Amino acid sequence: MPEGPEIRRARDELAEVLFDREVQQISFAFARLKPFEPLLTGQTIVSIESRGKAMLIGFSNGYTLYSHNQLYGRWMIVPVKQYPQISRQLRLAIHGNEYSALLYSASEIEVLDEQQLLVQPYLQKLGLELLAPETSEDDVYQRLNQACYARRNLMNLLQDQSVLSGMGNYLCCEALHASGIHPQSKPGDLTDRQIKRLARNCLGLSRLSYQTRGITNSQKKVAQLKRQGVAFEDYRFQVYRRAGQTCYQCGELIVKGKYAGRMGYICPSCQSLFNK
Ligand SMILES: [Zn+2]
């Protein structure tokens, strides 16, 4: 499932072809959205924003197109009306003069006016946005340090979009490993220094992944693995999807397991429950 950095990159790609452009035609697959087609045609796209795992496209008449891709949704950009040969269901097509933005398979699509946007349930409950430029390490630290989260497993807490918005499974596994913290630890078990380190890695790895198109491994290691001819999927992570391979930090074998109900990857040596 795409996480914050992937959604943010999809947002950048959409912005490149849609921002400040006039909509020549728009079509929705869902009958309930058809009445919006004439309302949005001819409008200019004035904003494109990703929040958590949602995409928000703003139109000059004040309407906002909200979409959440869940597990399977996918945006594609193609030369205008050059539909790709794929078996997915087309749910939304926005046609400009040169390009079409096509949304496949997503089921959560809404058109909202300004008032409805303010009370949209998913957006309302979103927590601290990790990829927002104004978010600081201290903001993340303060959030993780809130008393109400002290007894929650980090494997769940870090992926709870109402706490931190933008982390899913891979970023969570990578940030915990980089911090030397076991996924079943709770903020209340950690030292202040550990929580600060975790906050730094949650923010730093989210931003790094956004900038590098999905890499959370160290630059040095990536360069070394690339020289050996290793493929992208095999050099991008420190622990995620690396079960049975050695930890780059300590040489121990990475294991895959279920932590607080979620599948994850850890180095049992770097991430002992008793590390301080
Ligand atoms: Zn290790």
# chains A, B, ... in the order shown; residues from 1 in each chain; ligands from 1
$ closest_atom_pairs --of "chain A" --to "ligand 1" --cutoff "7 Å" --atoms "only C-alpha atoms and all ligand atoms" --output "tab-separated table"
residue	atom	partner	partner_atom_place_in_ligand_line	distance
A:Cys247	CA	ligand 1	1 (Zn)	4.6
A:Tyr248	CA	ligand 1	1 (Zn)	6.6
A:Gln249	CA	ligand 1	1 (Zn)	4.9
A:Cys250	CA	ligand 1	1 (Zn)	4.2
A:Gly251	CA	ligand 1	1 (Zn)	6.0
A:Glu252	CA	ligand 1	1 (Zn)	5.4
A:Cys267	CA	ligand 1	1 (Zn)	4.7
A:Pro268	CA	ligand 1	1 (Zn)	6.8
A:Ser269	CA	ligand 1	1 (Zn)	5.1
A:Cys270	CA	ligand 1	1 (Zn)	4.1
$ closest_atom_pairs --of "segment 41-88 of chain A" --to "segment 125-133 of chain A" --cutoff "12 Å" --atoms "only C-alpha atoms" --output "JSON lines"
{"residue": "A:Glu49", "atom": "CA", "partner": "A:Ala132", "partner_atom": "CA", "distance": 10.6}
{"residue": "A:Ser50", "atom": "CA", "partner": "A:Leu131", "partner_atom": "CA", "distance": 9.5}
{"residue": "A:Arg51", "atom": "CA", "partner": "A:Glu129", "partner_atom": "CA", "distance": 7.3}
{"residue": "A:Gly52", "atom": "CA", "partner": "A:Glu129", "partner_atom": "CA", "distance": 6.8}
{"residue": "A:Lys53", "atom": "CA", "partner": "A:Leu126", "partner_atom": "CA", "distance": 9.7}
{"residue": "A:Ala54", "atom": "CA", "partner": "A:Leu126", "partner_atom": "CA", "distance": 10.2}
$ closest_residue --among "A:Phe19, A:Tyr141, A:Tyr104, A:Tyr265" --to "Leu176 of chain A" --atoms "only C-alpha atoms"
A:Tyr265
$ residues_around --residues "Gln159 of chain A" --least-positions-apart "6" --cutoff "8 Å" --atoms "only C-alpha atoms" --output "NGL selection string"
:A and (165-169 or 172)
$ closest_residue --among "A:Leu203, A:Tyr235, A:Leu198, A:Glu16" --to "Lys186 of chain A" --atoms "only C-alpha atoms"
A:Leu198
$ select_by_dssp --residues "segment 50-152 of chain A" --states "strand (DSSP E or B)" --output "PyMOL selection string"
chain A and resi 50-51+54-59+64-68+74-79+90-95+99-104+108-112+128-129
$ select_by_dssp --residues "segment 182-268 of chain A" --states "helix (DSSP H, G or I)" --output "VMD selection string"
chain A and resid 187 to 189 192 to 212 219 to 227 232 to 235
$ atom_distance --atom1 "atom CA of Leu118 of chain A" --atom2 "atom CA of Ile57 of chain A"
14.4 Å
$ closest_residue --among "A:Ser67, A:Gln85, A:Tyr122, A:Ile109" --to "Ala31 of chain A" --atoms "only C-alpha atoms"
A:Ile109
$ closest_residue --among "A:Phe274, A:Tyr149, A:Trp75, A:Tyr63" --to "Gly180 of chain A" --atoms "only C-alpha atoms"
A:Phe274
$ residues_around --residues "Gly62 of chain A" --least-positions-apart "6" --cutoff "9 Å" --atoms "only C-alpha atoms" --output "ChimeraX atom specification"
/A:112-114
$ write_last_selection --atoms "C-alpha atoms" --output "PDB file, in the first residue's frame"
ATOM      1  CA  LEU A 112     -17.051  18.464  -1.695  1.00  0.00           C
ATOM      2  CA  ASP A 113     -17.988  22.098  -1.306  1.00  0.00           C
ATOM      3  CA  GLU A 114     -16.036  24.311   1.103  1.00  0.00           C
TER       4      GLU A 114
END
$ residues_around --residues "Ala178 of chain A" --least-positions-apart "4" --cutoff "10 Å" --atoms "only C-alpha atoms" --output "list in words"
Cys172, Cys173, Glu174, Arg197, Leu198, Arg200, Asn201, Cys202, Leu205, Thr216, Asn217, Gln238, Val239, Gln249, Cys270 and Gln271 of chain A
$ write_last_selection --atoms "C-alpha atoms" --output "JSON list (two decimals), in the first residue's frame"
[["chain", "number", "residue", "atom", "x", "y", "z"],
["A", 172, "CYS", "CA", 7.32, 2.08, 10.48],
["A", 173, "CYS", "CA", 9.66, -0.95, 10.24],
["A", 174, "GLU", "CA", 12.49, 1.17, 8.89],
["A", 197, "ARG", "CA", 15.69, 9.46, 18.14],
["A", 198, "LEU", "CA", 12.51, 7.78, 16.96],
["A", 200, "ARG", "CA", 13.99, 12.13, 14.17],
["A", 201, "ASN", "CA", 13.88, 8.89, 12.17],
["A", 202, "CYS", "CA", 10.11, 8.99, 11.53],
["A", 205, "LEU", "CA", 13.05, 8.63, 6.71],
["A", 216, "THR", "CA", 15.24, 4.40, 3.31],
["A", 217, "ASN", "CA", 18.62, 2.67, 3.32],
["A", 238, "GLN", "CA", 17.39, -1.68, 5.83],
["A", 239, "VAL", "CA", 15.04, -4.39, 7.14],
["A", 249, "GLN", "CA", 24.42, -2.62, 11.17],
["A", 270, "CYS", "CA", 19.61, -4.09, 17.03],
["A", 271, "GLN", "CA", 15.98, -4.04, 18.22]]
$ residues_around --residues "Arg21 of chain A" --least-positions-apart "2" --cutoff "7 Å" --atoms "only C-alpha atoms" --output "JSON, numbers by chain"
{"A": [18, 19, 23, 44, 45, 96]}
$ closest_residue --among "A:Ser47, A:Ser162, A:Ser60, A:Ser100" --to "Ile26 of chain A" --atoms "only C-alpha atoms"
A:Ser100
$ residues_around --residues "segment 231-233 of chain A" --least-positions-apart "4" --cutoff "10 Å" --atoms "only C-alpha atoms" --output "VMD selection string"
chain A and resid 214 to 215 222 225 to 226 237 241 to 242
$ write_last_selection --atoms "C-alpha atoms" --output "PDB file, in the first residue's frame"
ATOM      1  CA  GLY A 214      11.284   5.131  -1.866  1.00  0.00           C
ATOM      2  CA  ILE A 215      14.770   4.553  -0.472  1.00  0.00           C
ATOM      3  CA  VAL A 222      22.900   2.102  -1.507  1.00  0.00           C
ATOM      4  CA  LEU A 225      24.969  -2.225  -3.410  1.00  0.00           C
ATOM      5  CA  LYS A 226      24.389  -0.446  -6.712  1.00  0.00           C
ATOM      6  CA  PHE A 237      15.412  -0.914   2.664  1.00  0.00           C
ATOM      7  CA  ARG A 241      11.217  -7.425   3.114  1.00  0.00           C
ATOM      8  CA  ARG A 242      14.749  -8.567   4.014  1.00  0.00           C
TER       9      ARG A 242
END
$ closest_residue --among "A:Glu110, A:Gln116, A:Met55, A:Pro2" --to "Leu71 of chain A" --atoms "only C-alpha atoms"
A:Pro2
